[in-house]
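See below for the structure under consideration.
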Amino acid sequence: MKMMRSLIILFLLAMTVVVSAQQDAQYTNFMNNKLTFNPAMAGSKGAPVIFGVAREQWFGLEGAPSSQSIGFHTPISNKNAGFGFVINNDVIGFTRSTKVSGSYAYHIQVNNKTYLSAGLSASARQYRIDWNEAIATDPGDGSLPTVAQSSKLMANFGAGLLLYNDKFYAGISAPRLMRNQISFDDVLPGTSIGSKEDVHLYAMGGVLLPLSEQFALKPAAMIKYVADAPLDLDLHASLIWRELLSLGATYRLGGSQTQAIGESVDVLLSLQASEQLRVGVSYDFTLSKIREVSSGSAELFFEYTLDVRKGRLTNPRFF
């Protein structure tokens, strides 16, 4: 209990860090990629889990974001603790961000089936620019450096809280709390190309609502806040048939500040291919002005549960 109290105090103190544009990758399958956003998820399924998501954003737009996330988390010898790691890769144009993070979470049992978890994460991120892939509008443009590549390695840490059982989850988190300086003054002296890593604050939740013996409804939502950037809100609902097939839709707020209809409407489909393996696909129909140059975005995901520990979660597939 002392450890849990210390983790919660550290999290609340960390959340007071000053926050200022969005730099983390956007995932439609946030509900299948929760450890990326909240370290308190580590070990929460009561069994070892491997997961992965790959996203191609804004088809048809040259240099559009391409993002991948793969991770693993598991309970450890102490049944009240969990460990996990995530590798994230994000490419936009000729810039690349690669992050490796490890998470530790401590879980306390609130009642018979509900747990409260506090998690901490430590990460290392490489930010790289491949200047040789840049194409100057004017040949011989002196604004481009002569070096082929610039890179910087940065350490960071994050924190999160999670309340969950086999029917619902709700959490808040900040995966990156240090505002590291990104600067390439060594190749572009006297310029202001450098920027800072910004703090991203997340709140997410979901609930499983049985409708009949064969059908269940699973609403979920995620809010992302970054200072000086538009608020991101994903509202999602899936209809689940016999715990095998899930069909859902998401509305994403955002896009142009002068256009109130939002960023996208997304369709998601997932299949419980076996007792251990779940796979899925999603497609985003863009609502913002980017639809004039792009046909949309798509994701693939998988989740593989290595073992189901009896007596912890009655249905580890969904939460």
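Residues are referred to by chain and number: the chain letter is A, B, ... according to the order shown in the structure tokens, the number counts from 1 in that chain, and ligands are numbered separately from 1 in the order shown.
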
Test item: residues at most 10 Å from Gly52 (chain A), only C-alpha atoms, excluding those fewer than 3 positions along its chain, as a ChimeraX atom specification: /A:32-33,68-72,86-88,279,300-304

Serialized selection, N, CA and C atoms, as a CSV table (one decimal), in the first residue's frame:
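Final output, result-v9.csv:
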chain,number,residue,atom,x,y,z
A,32,ASN,N,-7.1,-0.9,-28.5
A,32,ASN,CA,-6.3,-2.1,-28.6
A,32,ASN,C,-4.8,-1.8,-28.5
A,33,ASN,N,-4.5,-0.6,-28.0
A,33,ASN,CA,-3.1,-0.2,-28.0
A,33,ASN,C,-2.9,0.6,-26.7
A,68,GLN,N,3.9,2.7,-36.5
A,68,GLN,CA,3.8,1.4,-36.0
A,68,GLN,C,4.1,1.3,-34.5
A,69,SER,N,3.4,0.4,-33.9
A,69,SER,CA,3.5,0.2,-32.4
A,69,SER,C,3.5,-1.3,-32.1
A,70,ILE,N,4.4,-1.8,-31.4
A,70,ILE,CA,4.4,-3.2,-31.0
A,70,ILE,C,4.8,-3.3,-29.5
A,71,GLY,N,4.2,-4.2,-28.8
A,71,GLY,CA,4.5,-4.2,-27.4
A,71,GLY,C,4.2,-5.5,-26.7
A,72,PHE,N,4.5,-5.6,-25.4
A,72,PHE,CA,4.3,-6.8,-24.6
A,72,PHE,C,4.1,-6.4,-23.2
A,86,VAL,N,7.1,-1.2,-25.0
A,86,VAL,CA,6.4,-0.8,-26.3
A,86,VAL,C,7.5,-0.2,-27.1
A,87,ILE,N,7.5,-0.5,-28.4
A,87,ILE,CA,8.4,0.1,-29.4
A,87,ILE,C,7.5,0.8,-30.4
A,88,ASN,N,7.7,2.2,-30.5
A,88,ASN,CA,6.9,3.0,-31.4
A,88,ASN,C,7.8,3.6,-32.5
A,279,VAL,N,-7.5,-10.3,-34.2
A,279,VAL,CA,-7.0,-9.5,-35.3
A,279,VAL,C,-8.1,-8.5,-35.8
A,300,LEU,N,-4.1,-1.8,-39.2
A,300,LEU,CA,-4.2,-3.2,-38.9
A,300,LEU,C,-3.7,-3.5,-37.5
A,301,PHE,N,-4.3,-4.4,-36.7
A,301,PHE,CA,-3.8,-4.7,-35.4
A,301,PHE,C,-4.0,-6.2,-35.1
A,302,PHE,N,-3.2,-6.6,-34.1
A,302,PHE,CA,-3.3,-8.0,-33.6
A,302,PHE,C,-3.1,-7.9,-32.1
A,303,GLU,N,-3.6,-8.9,-31.4
A,303,GLU,CA,-3.4,-9.1,-30.0
A,303,GLU,C,-3.3,-10.6,-29.7
A,304,TYR,N,-2.3,-11.1,-29.1
A,304,TYR,CA,-2.1,-12.5,-28.8
A,304,TYR,C,-1.9,-12.7,-27.3

Leaving out Gly84 (chain A) and any residue of its chain fewer than 2 positions from it, which residues lie within 9 Å of it when counting only C-alpha atoms, given as a ChimeraX atom specification? /A:35,39,41-43,71-75,82,86,101-105

Next, write the just-selected residues to a file, as a PDB file, in the first residue's frame, keeping N, CA and C atoms as the atom set.
ATOM      1  N   LEU A  35      -1.416   0.335 -23.750  1.00  0.00           N
ATOM      2  CA  LEU A  35      -0.143   0.472 -23.040  1.00  0.00           C
ATOM      3  C   LEU A  35       0.722   1.575 -23.644  1.00  0.00           C
ATOM      4  N   PRO A  39       1.042   3.669 -18.899  1.00  0.00           N
ATOM      5  CA  PRO A  39       1.880   2.596 -18.332  1.00  0.00           C
ATOM      6  C   PRO A  39       1.180   1.783 -17.253  1.00  0.00           C
ATOM      7  N   MET A  41      -1.386   0.196 -17.565  1.00  0.00           N
ATOM      8  CA  MET A  41      -1.984  -0.980 -18.201  1.00  0.00           C
ATOM      9  C   MET A  41      -1.127  -2.235 -18.021  1.00  0.00           C
ATOM     10  N   ALA A  42       0.156  -2.087 -17.719  1.00  0.00           N
ATOM     11  CA  ALA A  42       1.070  -3.229 -17.676  1.00  0.00           C
ATOM     12  C   ALA A  42       0.583  -4.287 -16.690  1.00  0.00           C
ATOM     13  N   GLY A  43       0.345  -5.499 -17.182  1.00  0.00           N
ATOM     14  CA  GLY A  43      -0.088  -6.596 -16.336  1.00  0.00           C
ATOM     15  C   GLY A  43      -1.563  -6.626 -16.042  1.00  0.00           C
ATOM     16  N   GLY A  71       4.178  -4.168 -28.777  1.00  0.00           N
ATOM     17  CA  GLY A  71       4.507  -4.211 -27.355  1.00  0.00           C
ATOM     18  C   GLY A  71       4.159  -5.535 -26.703  1.00  0.00           C
ATOM     19  N   PHE A  72       4.516  -5.618 -25.444  1.00  0.00           N
ATOM     20  CA  PHE A  72       4.294  -6.817 -24.639  1.00  0.00           C
ATOM     21  C   PHE A  72       4.110  -6.380 -23.199  1.00  0.00           C
ATOM     22  N   HIS A  73       3.147  -7.011 -22.484  1.00  0.00           N
ATOM     23  CA  HIS A  73       3.060  -6.767 -21.049  1.00  0.00           C
ATOM     24  C   HIS A  73       2.535  -8.016 -20.357  1.00  0.00           C
ATOM     25  N   THR A  74       2.888  -8.151 -19.083  1.00  0.00           N
ATOM     26  CA  THR A  74       2.581  -9.367 -18.349  1.00  0.00           C
ATOM     27  C   THR A  74       2.579  -9.106 -16.853  1.00  0.00           C
ATOM     28  N   PRO A  75       1.795  -9.864 -16.090  1.00  0.00           N
ATOM     29  CA  PRO A  75       1.987  -9.855 -14.634  1.00  0.00           C
ATOM     30  C   PRO A  75       3.353 -10.456 -14.321  1.00  0.00           C
ATOM     31  N   GLY A  82       2.983  -5.548 -12.593  1.00  0.00           N
ATOM     32  CA  GLY A  82       3.058  -5.877 -14.004  1.00  0.00           C
ATOM     33  C   GLY A  82       4.208  -5.147 -14.657  1.00  0.00           C
ATOM     34  N   VAL A  86       7.051  -1.161 -24.978  1.00  0.00           N
ATOM     35  CA  VAL A  86       6.450  -0.788 -26.262  1.00  0.00           C
ATOM     36  C   VAL A  86       7.531  -0.167 -27.135  1.00  0.00           C
ATOM     37  N   SER A 101      10.046   2.151 -24.794  1.00  0.00           N
ATOM     38  CA  SER A 101       9.666   2.478 -23.427  1.00  0.00           C
ATOM     39  C   SER A 101       9.384   1.212 -22.629  1.00  0.00           C
ATOM     40  N   GLY A 102       9.752   1.249 -21.354  1.00  0.00           N
ATOM     41  CA  GLY A 102       9.452   0.166 -20.431  1.00  0.00           C
ATOM     42  C   GLY A 102       8.543   0.675 -19.333  1.00  0.00           C
ATOM     43  N   SER A 103       7.568  -0.155 -18.915  1.00  0.00           N
ATOM     44  CA  SER A 103       6.576   0.268 -17.926  1.00  0.00           C
ATOM     45  C   SER A 103       6.514  -0.697 -16.751  1.00  0.00           C
ATOM     46  N   TYR A 104       6.275  -0.134 -15.580  1.00  0.00           N
ATOM     47  CA  TYR A 104       6.030  -0.932 -14.375  1.00  0.00           C
ATOM     48  C   TYR A 104       4.749  -0.421 -13.744  1.00  0.00           C
ATOM     49  N   ALA A 105       3.864  -1.343 -13.354  1.00  0.00           N
ATOM     50  CA  ALA A 105       2.595  -0.953 -12.729  1.00  0.00           C
ATOM     51  C   ALA A 105       2.370  -1.765 -11.469  1.00  0.00           C
TER      52      ALA A 105
END

Counting only C-alpha atoms, the option among A:Gly93, A:Gly206, A:Pro230, A:Gly160 closest to Ala118 (chain A): A:Gly160

Using only C-alpha atoms: which of A:Asn38, A:Tyr251, A:Pro219, A:Asp90 has the shortest distance to Leu163 (chain A): A:Asn38

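CA of Leu209 (chain A) to CA of Glu275 (chain A) spans 21.3 Å [interatomic distance, one decimal].
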
Excluding Gln126 (chain A) and any residue of its chain fewer than 5 positions from it, enumerate the residues within 6 Å of it, using only C-alpha atoms, and give them as a PyMOL selection string. chain A and resi 97-98+152-153

CA of Pro48 (chain A) and CA of Thr305 (chain A), how far apart in Å?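 Atom-to-atom, CA of Thr305 (chain A) and CA of Pro48 (chain A) are spaced 6.0 Å apart.
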
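Going from CA of Ser264 (chain A) to CA of Gly296 (chain A) covers 8.7 Å.
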
Please list as a ChimeraX atom specification every residue within 12 Å of Glu62 (chain A), counting only C-alpha atoms and excluding residues in the same chain fewer than 6 positions away. /A:56,91-94,293-294

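Nearest to Leu177 (chain A) of all the residues A:Phe157, A:Tyr27, A:Phe85, A:Tyr164 is A:Phe157, counting only C-alpha atoms.
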